[in-house]
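**Q** File follows, entry15.pdb with PDB, N, CA and C atoms and all ligand atoms:
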```pdb
MODEL        1
ATOM      1  N   MET A   1      38.445 -72.317  70.048
ATOM      2  CA  MET A   1      38.354 -71.303  71.112
ATOM      3  C   MET A   1      38.953 -69.995  70.623
ATOM      4  N   GLN A   2      38.162 -68.927  70.718
ATOM      5  CA  GLN A   2      38.646 -67.637  70.234
ATOM      6  C   GLN A   2      38.845 -66.670  71.399
ATOM      7  N   CYS A   3      39.963 -66.002  71.373
ATOM      8  CA  CYS A   3      40.281 -65.015  72.403
ATOM      9  C   CYS A   3      39.455 -63.746  72.158
ATOM     10  N   SER A   4      39.325 -62.927  73.195
ATOM     11  CA  SER A   4      38.564 -61.692  73.045
ATOM     12  C   SER A   4      39.249 -60.717  72.102
ATOM     13  N   CYS A   5      40.550 -60.907  71.850
ATOM     14  CA  CYS A   5      41.258 -60.029  70.911
ATOM     15  C   CYS A   5      41.030 -60.456  69.473
ATOM     16  N   GLY A   6      40.401 -61.615  69.271
ATOM     17  CA  GLY A   6      40.100 -62.054  67.919
ATOM     18  C   GLY A   6      41.015 -63.149  67.413
ATOM     19  N   ALA A   7      42.175 -63.316  68.033
ATOM     20  CA  ALA A   7      43.087 -64.386  67.626
ATOM     21  C   ALA A   7      42.597 -65.711  68.213
ATOM     22  N   SER A   8      43.214 -66.795  67.745
ATOM     23  CA  SER A   8      42.770 -68.092  68.256
ATOM     24  C   SER A   8      43.594 -68.474  69.479
ATOM     25  N   ALA A   9      42.910 -69.028  70.469
ATOM     26  CA  ALA A   9      43.572 -69.441  71.700
ATOM     27  C   ALA A   9      43.672 -70.962  71.727
ATOM     28  N   ASP A  10      44.842 -71.462  72.080
ATOM     29  CA  ASP A  10      45.067 -72.906  72.083
ATOM     30  C   ASP A  10      44.997 -73.470  73.495
ATOM     31  N   LEU A  11      44.558 -74.710  73.559
ATOM     32  CA  LEU A  11      44.470 -75.393  74.834
ATOM     33  C   LEU A  11      45.873 -75.765  75.317
ATOM     34  N   SER A  12      46.178 -75.409  76.552
ATOM     35  CA  SER A  12      47.478 -75.757  77.123
ATOM     36  C   SER A  12      47.280 -76.436  78.468
ATOM     37  N   THR A  13      48.322 -77.101  78.919
ATOM     38  CA  THR A  13      48.253 -77.796  80.200
ATOM     39  C   THR A  13      49.541 -77.581  80.971
ATOM     40  N   GLN A  14      49.393 -77.282  82.261
ATOM     41  CA  GLN A  14      50.540 -77.295  83.161
ATOM     42  C   GLN A  14      50.345 -78.443  84.121
ATOM     43  N   VAL A  15      51.437 -79.106  84.462
ATOM     44  CA  VAL A  15      51.326 -80.273  85.329
ATOM     45  C   VAL A  15      52.150 -80.068  86.587
ATOM     46  N   ASN A  16      51.557 -80.413  87.717
ATOM     47  CA  ASN A  16      52.270 -80.463  88.993
ATOM     48  C   ASN A  16      52.257 -81.914  89.451
ATOM     49  N   GLN A  17      53.343 -82.626  89.145
ATOM     50  CA  GLN A  17      53.337 -84.069  89.398
ATOM     51  C   GLN A  17      53.321 -84.394  90.880
ATOM     52  N   LYS A  18      53.919 -83.527  91.663
ATOM     53  CA  LYS A  18      53.973 -83.753  93.110
ATOM     54  C   LYS A  18      52.574 -83.829  93.705
ATOM     55  N   CYS A  19      51.661 -83.024  93.168
ATOM     56  CA  CYS A  19      50.307 -82.966  93.708
ATOM     57  C   CYS A  19      49.322 -83.742  92.844
ATOM     58  N   ASP A  20      49.806 -84.408  91.785
ATOM     59  CA  ASP A  20      48.917 -85.051  90.824
ATOM     60  C   ASP A  20      47.858 -84.060  90.335
ATOM     61  N   ALA A  21      48.336 -82.871  89.988
ATOM     62  CA  ALA A  21      47.432 -81.799  89.591
ATOM     63  C   ALA A  21      47.749 -81.312  88.183
ATOM     64  N   GLU A  22      46.709 -80.830  87.513
ATOM     65  CA  GLU A  22      46.870 -80.259  86.189
ATOM     66  C   GLU A  22      46.089 -78.976  86.111
ATOM     67  N   LEU A  23      46.638 -78.023  85.382
ATOM     68  CA  LEU A  23      45.879 -76.823  85.070
ATOM     69  C   LEU A  23      45.686 -76.803  83.568
ATOM     70  N   ARG A  24      44.419 -76.818  83.143
ATOM     71  CA  ARG A  24      44.115 -76.757  81.710
ATOM     72  C   ARG A  24      43.516 -75.400  81.410
ATOM     73  N   TYR A  25      43.990 -74.808  80.343
ATOM     74  CA  TYR A  25      43.505 -73.468  80.028
ATOM     75  C   TYR A  25      43.711 -73.175  78.560
ATOM     76  N   CYS A  26      43.056 -72.139  78.106
ATOM     77  CA  CYS A  26      43.257 -71.649  76.753
ATOM     78  C   CYS A  26      44.192 -70.452  76.805
ATOM     79  N   ALA A  27      45.259 -70.517  76.033
ATOM     80  CA  ALA A  27      46.214 -69.420  76.006
ATOM     81  C   ALA A  27      46.234 -68.811  74.616
ATOM     82  N   CYS A  28      46.089 -67.496  74.560
ATOM     83  CA  CYS A  28      46.121 -66.799  73.281
ATOM     84  C   CYS A  28      47.568 -66.569  72.870
ATOM     85  N   GLU A  29      47.909 -66.986  71.648
ATOM     86  CA  GLU A  29      49.295 -66.834  71.221
ATOM     87  C   GLU A  29      49.619 -65.401  70.860
ATOM     88  N   LYS A  30      48.588 -64.604  70.602
ATOM     89  CA  LYS A  30      48.825 -63.230  70.174
ATOM     90  C   LYS A  30      48.987 -62.282  71.371
ATOM     91  N   CYS A  31      48.034 -62.296  72.294
ATOM     92  CA  CYS A  31      48.084 -61.324  73.384
ATOM     93  C   CYS A  31      48.409 -61.965  74.736
ATOM     94  N   GLY A  32      48.490 -63.295  74.778
ATOM     95  CA  GLY A  32      48.906 -63.948  76.013
ATOM     96  C   GLY A  32      47.808 -64.138  77.034
ATOM     97  N   THR A  33      46.582 -63.751  76.700
ATOM     98  CA  THR A  33      45.477 -63.896  77.634
ATOM     99  C   THR A  33      45.182 -65.367  77.921
ATOM    100  N   ILE A  34      44.981 -65.665  79.193
ATOM    101  CA  ILE A  34      44.618 -67.020  79.590
ATOM    102  C   ILE A  34      43.153 -67.025  80.002
ATOM    103  N   SER A  35      42.425 -68.018  79.500
ATOM    104  CA  SER A  35      41.006 -68.078  79.845
ATOM    105  C   SER A  35      40.587 -69.516  80.044
ATOM    106  N   GLU A  36      39.415 -69.684  80.608
ATOM    107  CA  GLU A  36      38.816 -71.008  80.750
ATOM    108  C   GLU A  36      39.692 -71.972  81.542
ATOM    109  N   ALA A  37      40.398 -71.485  82.543
ATOM    110  CA  ALA A  37      41.294 -72.361  83.296
ATOM    111  C   ALA A  37      40.498 -73.304  84.201
ATOM    112  N   VAL A  38      40.945 -74.544  84.217
ATOM    113  CA  VAL A  38      40.326 -75.563  85.065
ATOM    114  C   VAL A  38      41.425 -76.267  85.843
ATOM    115  N   LEU A  39      41.204 -76.436  87.134
ATOM    116  CA  LEU A  39      42.142 -77.193  87.949
ATOM    117  C   LEU A  39      41.668 -78.632  88.038
ATOM    118  N   VAL A  40      42.571 -79.560  87.729
ATOM    119  CA  VAL A  40      42.233 -80.979  87.732
ATOM    120  C   VAL A  40      43.097 -81.684  88.768
ATOM    121  N   LEU A  41      42.451 -82.358  89.717
ATOM    122  CA  LEU A  41      43.183 -83.132  90.727
ATOM    123  C   LEU A  41      42.826 -84.601  90.581
ATOM    124  N   HIS A  42      43.827 -85.450  90.536
ATOM    125  CA  HIS A  42      43.602 -86.900  90.409
ATOM    126  C   HIS A  42      42.627 -87.211  89.271
ATOM    127  N   GLY A  43      42.679 -86.430  88.202
ATOM    128  CA  GLY A  43      41.829 -86.689  87.055
ATOM    129  C   GLY A  43      40.414 -86.145  87.162
ATOM    130  N   HIS A  44      40.101 -85.424  88.253
ATOM    131  CA  HIS A  44      38.771 -84.834  88.405
ATOM    132  C   HIS A  44      38.866 -83.315  88.279
ATOM    133  N   ASP A  45      37.937 -82.715  87.566
ATOM    134  CA  ASP A  45      37.851 -81.256  87.552
ATOM    135  C   ASP A  45      37.349 -80.795  88.911
ATOM    136  N   VAL A  46      38.115 -79.946  89.573
ATOM    137  CA  VAL A  46      37.682 -79.539  90.913
ATOM    138  C   VAL A  46      37.459 -78.040  91.034
ATOM    139  N   CYS A  47      38.007 -77.246  90.122
ATOM    140  CA  CYS A  47      37.963 -75.810  90.350
ATOM    141  C   CYS A  47      38.041 -75.080  89.027
ATOM    142  N   TRP A  48      37.248 -74.050  88.869
ATOM    143  CA  TRP A  48      37.198 -73.294  87.619
ATOM    144  C   TRP A  48      37.444 -71.821  87.887
ATOM    145  N   ASP A  49      38.120 -71.162  86.950
ATOM    146  CA  ASP A  49      38.198 -69.706  87.019
ATOM    147  C   ASP A  49      36.804 -69.127  86.846
ATOM    148  N   VAL A  50      36.508 -68.081  87.587
ATOM    149  CA  VAL A  50      35.255 -67.375  87.381
ATOM    150  C   VAL A  50      35.567 -65.956  86.930
ATOM    151  N   THR A  51      34.574 -65.273  86.425
ATOM    152  CA  THR A  51      34.785 -63.923  85.924
ATOM    153  C   THR A  51      35.334 -63.033  87.034
ATOM    154  N   GLY A  52      36.473 -62.411  86.778
ATOM    155  CA  GLY A  52      37.049 -61.496  87.743
ATOM    156  C   GLY A  52      37.881 -62.155  88.822
ATOM    157  N   ASP A  53      37.930 -63.482  88.849
ATOM    158  CA  ASP A  53      38.703 -64.159  89.877
ATOM    159  C   ASP A  53      39.270 -65.456  89.318
ATOM    160  N   ALA A  54      40.595 -65.497  89.174
ATOM    161  CA  ALA A  54      41.238 -66.674  88.586
ATOM    162  C   ALA A  54      41.445 -67.746  89.658
ATOM    163  N   VAL A  55      40.338 -68.313  90.113
ATOM    164  CA  VAL A  55      40.375 -69.246  91.243
ATOM    165  C   VAL A  55      41.250 -70.463  90.937
ATOM    166  N   ALA A  56      41.019 -71.061  89.777
ATOM    167  CA  ALA A  56      41.750 -72.279  89.433
ATOM    168  C   ALA A  56      43.241 -72.010  89.321
ATOM    169  N   ARG A  57      43.585 -70.905  88.705
ATOM    170  CA  ARG A  57      45.001 -70.574  88.544
ATOM    171  C   ARG A  57      45.650 -70.268  89.891
ATOM    172  N   ARG A  58      44.896 -69.592  90.783
ATOM    173  CA  ARG A  58      45.451 -69.275  92.094
ATOM    174  C   ARG A  58      45.701 -70.553  92.888
ATOM    175  N   TRP A  59      44.730 -71.445  92.845
ATOM    176  CA  TRP A  59      44.911 -72.725  93.522
ATOM    177  C   TRP A  59      46.141 -73.440  92.989
ATOM    178  N   PHE A  60      46.258 -73.500  91.663
ATOM    179  CA  PHE A  60      47.353 -74.238  91.063
ATOM    180  C   PHE A  60      48.702 -73.645  91.456
ATOM    181  N   SER A  61      48.796 -72.341  91.482
ATOM    182  CA  SER A  61      50.083 -71.703  91.748
ATOM    183  C   SER A  61      50.479 -71.812  93.217
ATOM    184  N   THR A  62      49.519 -72.053  94.104
ATOM    185  CA  THR A  62      49.838 -72.134  95.532
ATOM    186  C   THR A  62      49.688 -73.551  96.065
ATOM    187  N   LEU A  63      49.519 -74.500  95.151
ATOM    188  CA  LEU A  63      49.179 -75.856  95.566
ATOM    189  C   LEU A  63      50.334 -76.554  96.309
ATOM    190  N   THR A  64      49.995 -77.221  97.404
ATOM    191  CA  THR A  64      50.912 -78.136  98.075
ATOM    192  C   THR A  64      50.226 -79.495  98.106
ATOM    193  N   PRO A  65      50.957 -80.592  98.310
ATOM    194  CA  PRO A  65      50.286 -81.897  98.387
ATOM    195  C   PRO A  65      49.180 -81.904  99.430
ATOM    196  N   GLU A  66      49.384 -81.188 100.539
ATOM    197  CA  GLU A  66      48.373 -81.149 101.599
ATOM    198  C   GLU A  66      47.123 -80.391 101.159
ATOM    199  N   SER A  67      47.327 -79.195 100.619
ATOM    200  CA  SER A  67      46.161 -78.393 100.235
ATOM    201  C   SER A  67      45.445 -79.029  99.055
ATOM    202  N   ALA A  68      46.203 -79.703  98.186
ATOM    203  CA  ALA A  68      45.574 -80.399  97.065
ATOM    204  C   ALA A  68      44.656 -81.491  97.572
ATOM    205  N   GLU A  69      45.134 -82.231  98.570
ATOM    206  CA  GLU A  69      44.355 -83.330  99.121
ATOM    207  C   GLU A  69      43.095 -82.791  99.802
ATOM    208  N   GLU A  70      43.269 -81.702 100.534
ATOM    209  CA  GLU A  70      42.140 -81.094 101.236
ATOM    210  C   GLU A  70      41.075 -80.617 100.252
ATOM    211  N   LEU A  71      41.527 -79.918  99.209
ATOM    212  CA  LEU A  71      40.602 -79.421  98.200
ATOM    213  C   LEU A  71      39.901 -80.586  97.506
ATOM    214  N   PHE A  72      40.676 -81.609  97.165
ATOM    215  CA  PHE A  72      40.103 -82.762  96.474
ATOM    216  C   PHE A  72      39.046 -83.448  97.342
ATOM    217  N   GLN A  73      39.372 -83.632  98.620
ATOM    218  CA  GLN A  73      38.423 -84.287  99.521
ATOM    219  C   GLN A  73      37.134 -83.491  99.648
ATOM    220  N   SER A  74      37.263 -82.175  99.843
ATOM    221  CA  SER A  74      36.055 -81.382 100.057
ATOM    222  C   SER A  74      35.220 -81.306  98.782
ATOM    223  N   VAL A  75      35.885 -81.230  97.633
ATOM    224  CA  VAL A  75      35.119 -81.160  96.385
ATOM    225  C   VAL A  75      34.441 -82.486  96.083
ATOM    226  N   THR A  76      35.154 -83.602  96.254
ATOM    227  CA  THR A  76      34.534 -84.884  95.949
ATOM    228  C   THR A  76      33.432 -85.205  96.945
ATOM    229  N   ALA A  77      33.596 -84.790  98.196
ATOM    230  CA  ALA A  77      32.532 -85.003  99.181
ATOM    231  C   ALA A  77      31.280 -84.246  98.750
ATOM    232  N   LEU A  78      31.465 -83.010  98.303
ATOM    233  CA  LEU A  78      30.346 -82.193  97.845
ATOM    234  C   LEU A  78      29.696 -82.808  96.612
ATOM    235  N   GLN A  79      30.535 -83.275  95.681
ATOM    236  CA  GLN A  79      30.001 -83.879  94.462
ATOM    237  C   GLN A  79      29.233 -85.152  94.773
ATOM    238  N   ASN A  80      29.718 -85.915  95.735
ATOM    239  CA  ASN A  80      29.014 -87.132  96.102
ATOM    240  C   ASN A  80      27.635 -86.827  96.653
ATOM    241  N   VAL A  81      27.540 -85.755  97.432
ATOM    242  CA  VAL A  81      26.247 -85.356  97.966
ATOM    243  C   VAL A  81      25.314 -84.946  96.827
ATOM    244  N   LEU A  82      25.837 -84.091  95.939
ATOM    245  CA  LEU A  82      25.007 -83.581  94.853
ATOM    246  C   LEU A  82      24.601 -84.673  93.877
ATOM    247  N   LEU A  83      25.524 -85.618  93.640
ATOM    248  CA  LEU A  83      25.263 -86.629  92.633
ATOM    249  C   LEU A  83      24.777 -87.931  93.251
ATOM    250  N   GLY A  84      24.482 -87.925  94.527
ATOM    251  CA  GLY A  84      23.965 -89.119  95.149
ATOM    252  C   GLY A  84      24.952 -90.264  95.112
ATOM    253  N   ASP A  85      26.232 -89.952  95.355
ATOM    254  CA  ASP A  85      27.262 -90.981  95.499
ATOM    255  C   ASP A  85      27.664 -91.650  94.188
ATOM    256  N   SER A  86      27.138 -91.194  93.081
ATOM    257  CA  SER A  86      27.437 -91.865  91.826
ATOM    258  C   SER A  86      28.407 -91.042  91.006
ATOM    259  N   ASP A  87      29.576 -91.599  90.726
ATOM    260  CA  ASP A  87      30.575 -90.899  89.941
ATOM    261  C   ASP A  87      30.259 -90.951  88.451
ATOM    262  N   ASP A  88      29.740 -92.067  88.008
ATOM    263  CA  ASP A  88      29.637 -92.310  86.576
ATOM    264  C   ASP A  88      28.298 -91.889  85.984
ATOM    265  N   ASP A  89      27.258 -91.983  86.794
ATOM    266  CA  ASP A  89      25.916 -91.825  86.265
ATOM    267  C   ASP A  89      25.285 -90.560  86.821
ATOM    268  N   SER A  90      25.365 -89.486  86.044
ATOM    269  CA  SER A  90      24.752 -88.255  86.514
ATOM    270  C   SER A  90      23.396 -88.065  85.840
ATOM    271  N   GLY A  91      22.937 -89.055  85.104
ATOM    272  CA  GLY A  91      21.674 -88.953  84.395
ATOM    273  C   GLY A  91      20.477 -88.864  85.325
ATOM    274  N   ASP A  92      20.645 -89.367  86.557
ATOM    275  CA  ASP A  92      19.530 -89.370  87.501
ATOM    276  C   ASP A  92      19.543 -88.158  88.424
ATOM    277  N   LEU A  93      20.267 -87.142  88.023
ATOM    278  CA  LEU A  93      20.480 -86.003  88.903
ATOM    279  C   LEU A  93      19.164 -85.426  89.430
ATOM    280  N   HIS A  94      18.185 -85.245  88.544
ATOM    281  CA  HIS A  94      16.935 -84.624  88.955
ATOM    282  C   HIS A  94      16.168 -85.525  89.911
ATOM    283  N   THR A  95      16.179 -86.816  89.609
ATOM    284  CA  THR A  95      15.533 -87.754  90.495
ATOM    285  C   THR A  95      16.185 -87.717  91.869
ATOM    286  N   GLN A  96      17.508 -87.730  91.863
ATOM    287  CA  GLN A  96      18.244 -87.694  93.128
ATOM    288  C   GLN A  96      17.864 -86.452  93.912
ATOM    289  N   PHE A  97      17.784 -85.341  93.235
ATOM    290  CA  PHE A  97      17.475 -84.090  93.902
ATOM    291  C   PHE A  97      16.086 -84.145  94.533
ATOM    292  N   SER A  98      15.124 -84.598  93.768
ATOM    293  CA  SER A  98      13.774 -84.551  94.289
ATOM    294  C   SER A  98      13.585 -85.534  95.449
ATOM    295  N   PHE A  99      14.318 -86.624  95.426
ATOM    296  CA  PHE A  99      14.170 -87.567  96.525
ATOM    297  C   PHE A  99      14.999 -87.187  97.741
ATOM    298  N   THR A 100      16.155 -86.561  97.472
ATOM    299  CA  THR A 100      17.061 -86.261  98.591
ATOM    300  C   THR A 100      16.599 -85.049  99.373
ATOM    301  N   PHE A 101      16.058 -84.057  98.650
ATOM    302  CA  PHE A 101      15.726 -82.819  99.354
ATOM    303  C   PHE A 101      14.224 -82.615  99.421
TER
HETATM  304 ZN    ZN A 201      44.255 -62.671  72.527
ENDMDL
END
```
With the file now loaded, output its structure as structure tokens.
Ligand SMILES: [Zn+2]
**A**
Amino acid sequence: MQCSCGASADLSTQVNQKCDAELRYCACEKCGTISEAVLVLHGHDVCWDVTGDAVARRWFSTLTPESAEELFQSVTALQNVLLGDSDDDSGDLHTQFSFTF
């Protein structure tokens, strides 16, 4: 992973054990830029930084056990709908889509 400044950015992780949450991101050792942040709850990726808005980092920094649970529930509910209730097998995604909608 290369930072926009040209130096190499290393993968880092912050852990919030109270919420069973992790923030994974690339941190540049030269300029300190953080990129590609992903919020992980209970081992599932639930939230990603987008261009211009550090959504995952904001969630992580304001996380409480309650809000973590709420976010996790709403994201997994959405994923279940999109993936047709299957956690492991996303290979049938197109089939699921055409039959469901
Ligand atoms: Zn950099």
**Q** Step one, run DSSP on the backbone; step two, keep only residues of range 10-98 of chain A assigned to strand (DSSP E); then write them as an NGL selection string.
**A** :A and (10-16 or 21-28 or 34-41 or 44-48)
**Q** Could you tell me which residues the PyMOL selection byres (((not hetatm)) within 8 of (chain A and resi 201)) grabs in this file, written as a list in words?
**A** Gln2, Cys3, Ser4, Cys5, Gly6, Ala7, Ser8, Ala9, Ala27, Cys28, Glu29, Lys30, Cys31, Gly32, Thr33 and Ile34 of chain A
**Q** May I have all residues of range 22-88 of chain A that DSSP, computed from the backbone, assigns to alpha helix (DSSP H), given as a list in words?
**A**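 Selection result, alpha helix (DSSP H) within range 22-88 of chain A: Val55, Ala56, Arg57, Arg58, Trp59, Phe60, Ser61, Pro65, Glu66, Ser67, Ala68, Glu69, Glu70, Leu71, Phe72, Gln73, Ser74, Val75, Thr76, Ala77, Leu78, Gln79, Asn80, Val81 and Leu82 of chain A.
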**Q** With the PyMOL selection byres (((chain A and resi 37-53 and name CA) around 10) and not hetatm and name CA) as the selection, what would be picked from this file? Answer as a CSV table (one decimal) with N, CA and C atoms, in the coordinates of the input, please.
**A**
```
chain,number,residue,atom,x,y,z
A,11,LEU,N,44.6,-74.7,73.6
A,11,LEU,CA,44.5,-75.4,74.8
A,11,LEU,C,45.9,-75.8,75.3
A,12,SER,N,46.2,-75.4,76.6
A,12,SER,CA,47.5,-75.8,77.1
A,12,SER,C,47.3,-76.4,78.5
A,13,THR,N,48.3,-77.1,78.9
A,13,THR,CA,48.3,-77.8,80.2
A,13,THR,C,49.5,-77.6,81.0
A,14,GLN,N,49.4,-77.3,82.3
A,14,GLN,CA,50.5,-77.3,83.2
A,14,GLN,C,50.3,-78.4,84.1
A,15,VAL,N,51.4,-79.1,84.5
A,15,VAL,CA,51.3,-80.3,85.3
A,15,VAL,C,52.2,-80.1,86.6
A,16,ASN,N,51.6,-80.4,87.7
A,16,ASN,CA,52.3,-80.5,89.0
A,16,ASN,C,52.3,-81.9,89.5
A,19,CYS,N,51.7,-83.0,93.2
A,19,CYS,CA,50.3,-83.0,93.7
A,19,CYS,C,49.3,-83.7,92.8
A,20,ASP,N,49.8,-84.4,91.8
A,20,ASP,CA,48.9,-85.1,90.8
A,20,ASP,C,47.9,-84.1,90.3
A,21,ALA,N,48.3,-82.9,90.0
A,21,ALA,CA,47.4,-81.8,89.6
A,21,ALA,C,47.7,-81.3,88.2
A,22,GLU,N,46.7,-80.8,87.5
A,22,GLU,CA,46.9,-80.3,86.2
A,22,GLU,C,46.1,-79.0,86.1
A,23,LEU,N,46.6,-78.0,85.4
A,23,LEU,CA,45.9,-76.8,85.1
A,23,LEU,C,45.7,-76.8,83.6
A,24,ARG,N,44.4,-76.8,83.1
A,24,ARG,CA,44.1,-76.8,81.7
A,24,ARG,C,43.5,-75.4,81.4
A,25,TYR,N,44.0,-74.8,80.3
A,25,TYR,CA,43.5,-73.5,80.0
A,25,TYR,C,43.7,-73.2,78.6
A,26,CYS,N,43.1,-72.1,78.1
A,26,CYS,CA,43.3,-71.6,76.8
A,26,CYS,C,44.2,-70.5,76.8
A,27,ALA,N,45.3,-70.5,76.0
A,27,ALA,CA,46.2,-69.4,76.0
A,27,ALA,C,46.2,-68.8,74.6
A,34,ILE,N,45.0,-65.7,79.2
A,34,ILE,CA,44.6,-67.0,79.6
A,34,ILE,C,43.2,-67.0,80.0
A,35,SER,N,42.4,-68.0,79.5
A,35,SER,CA,41.0,-68.1,79.8
A,35,SER,C,40.6,-69.5,80.0
A,36,GLU,N,39.4,-69.7,80.6
A,36,GLU,CA,38.8,-71.0,80.8
A,36,GLU,C,39.7,-72.0,81.5
A,54,ALA,N,40.6,-65.5,89.2
A,54,ALA,CA,41.2,-66.7,88.6
A,54,ALA,C,41.4,-67.7,89.7
A,55,VAL,N,40.3,-68.3,90.1
A,55,VAL,CA,40.4,-69.2,91.2
A,55,VAL,C,41.2,-70.5,90.9
A,56,ALA,N,41.0,-71.1,89.8
A,56,ALA,CA,41.8,-72.3,89.4
A,56,ALA,C,43.2,-72.0,89.3
A,57,ARG,N,43.6,-70.9,88.7
A,57,ARG,CA,45.0,-70.6,88.5
A,57,ARG,C,45.6,-70.3,89.9
A,58,ARG,N,44.9,-69.6,90.8
A,58,ARG,CA,45.5,-69.3,92.1
A,58,ARG,C,45.7,-70.6,92.9
A,59,TRP,N,44.7,-71.4,92.8
A,59,TRP,CA,44.9,-72.7,93.5
A,59,TRP,C,46.1,-73.4,93.0
A,60,PHE,N,46.3,-73.5,91.7
A,60,PHE,CA,47.4,-74.2,91.1
A,60,PHE,C,48.7,-73.6,91.5
A,68,ALA,N,46.2,-79.7,98.2
A,68,ALA,CA,45.6,-80.4,97.1
A,68,ALA,C,44.7,-81.5,97.6
A,69,GLU,N,45.1,-82.2,98.6
A,69,GLU,CA,44.4,-83.3,99.1
A,69,GLU,C,43.1,-82.8,99.8
A,71,LEU,N,41.5,-79.9,99.2
A,71,LEU,CA,40.6,-79.4,98.2
A,71,LEU,C,39.9,-80.6,97.5
A,72,PHE,N,40.7,-81.6,97.2
A,72,PHE,CA,40.1,-82.8,96.5
A,72,PHE,C,39.0,-83.4,97.3
A,73,GLN,N,39.4,-83.6,98.6
A,73,GLN,CA,38.4,-84.3,99.5
A,73,GLN,C,37.1,-83.5,99.6
A,74,SER,N,37.3,-82.2,99.8
A,74,SER,CA,36.1,-81.4,100.1
A,74,SER,C,35.2,-81.3,98.8
A,75,VAL,N,35.9,-81.2,97.6
A,75,VAL,CA,35.1,-81.2,96.4
A,75,VAL,C,34.4,-82.5,96.1
A,76,THR,N,35.2,-83.6,96.3
A,76,THR,CA,34.5,-84.9,95.9
A,76,THR,C,33.4,-85.2,96.9
A,79,GLN,N,30.5,-83.3,95.7
A,79,GLN,CA,30.0,-83.9,94.5
A,79,GLN,C,29.2,-85.2,94.8
```
**Q** For the atom pair atom N of Ala77 in chain A and atom C of Asp10 in chain A, what is the interatomic distance in Å to one decimal place?
**A**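 Spanning atom N of Ala77 in chain A to atom C of Asp10 in chain A is a straight-line distance of 29.5 Å.
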**Q** Please put the answer as lines of an AutoDock Vina configuration file: centre and edge lengths, in Å with one decimal, of a box along x, y and z that encloses all listed atoms of range 72-77 of chain A plus 3 Å on each side.
**A**
```
center_x = 36.0
center_y = -83.2
center_z = 98.0
size_x = 15.4
size_y = 10.0
size_z = 10.1
```
**Q** Do you have the atom C of Pro65 in chain A-CA of Lys18 in chain A distance handy?
**A** 8.1 Å
**Q** One decimal, in Å: what's the spacing between atom N of Gln17 in chain A and atom C of Ser61 in chain A?
**A**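 Distance between the two atoms: 11.9 Å.
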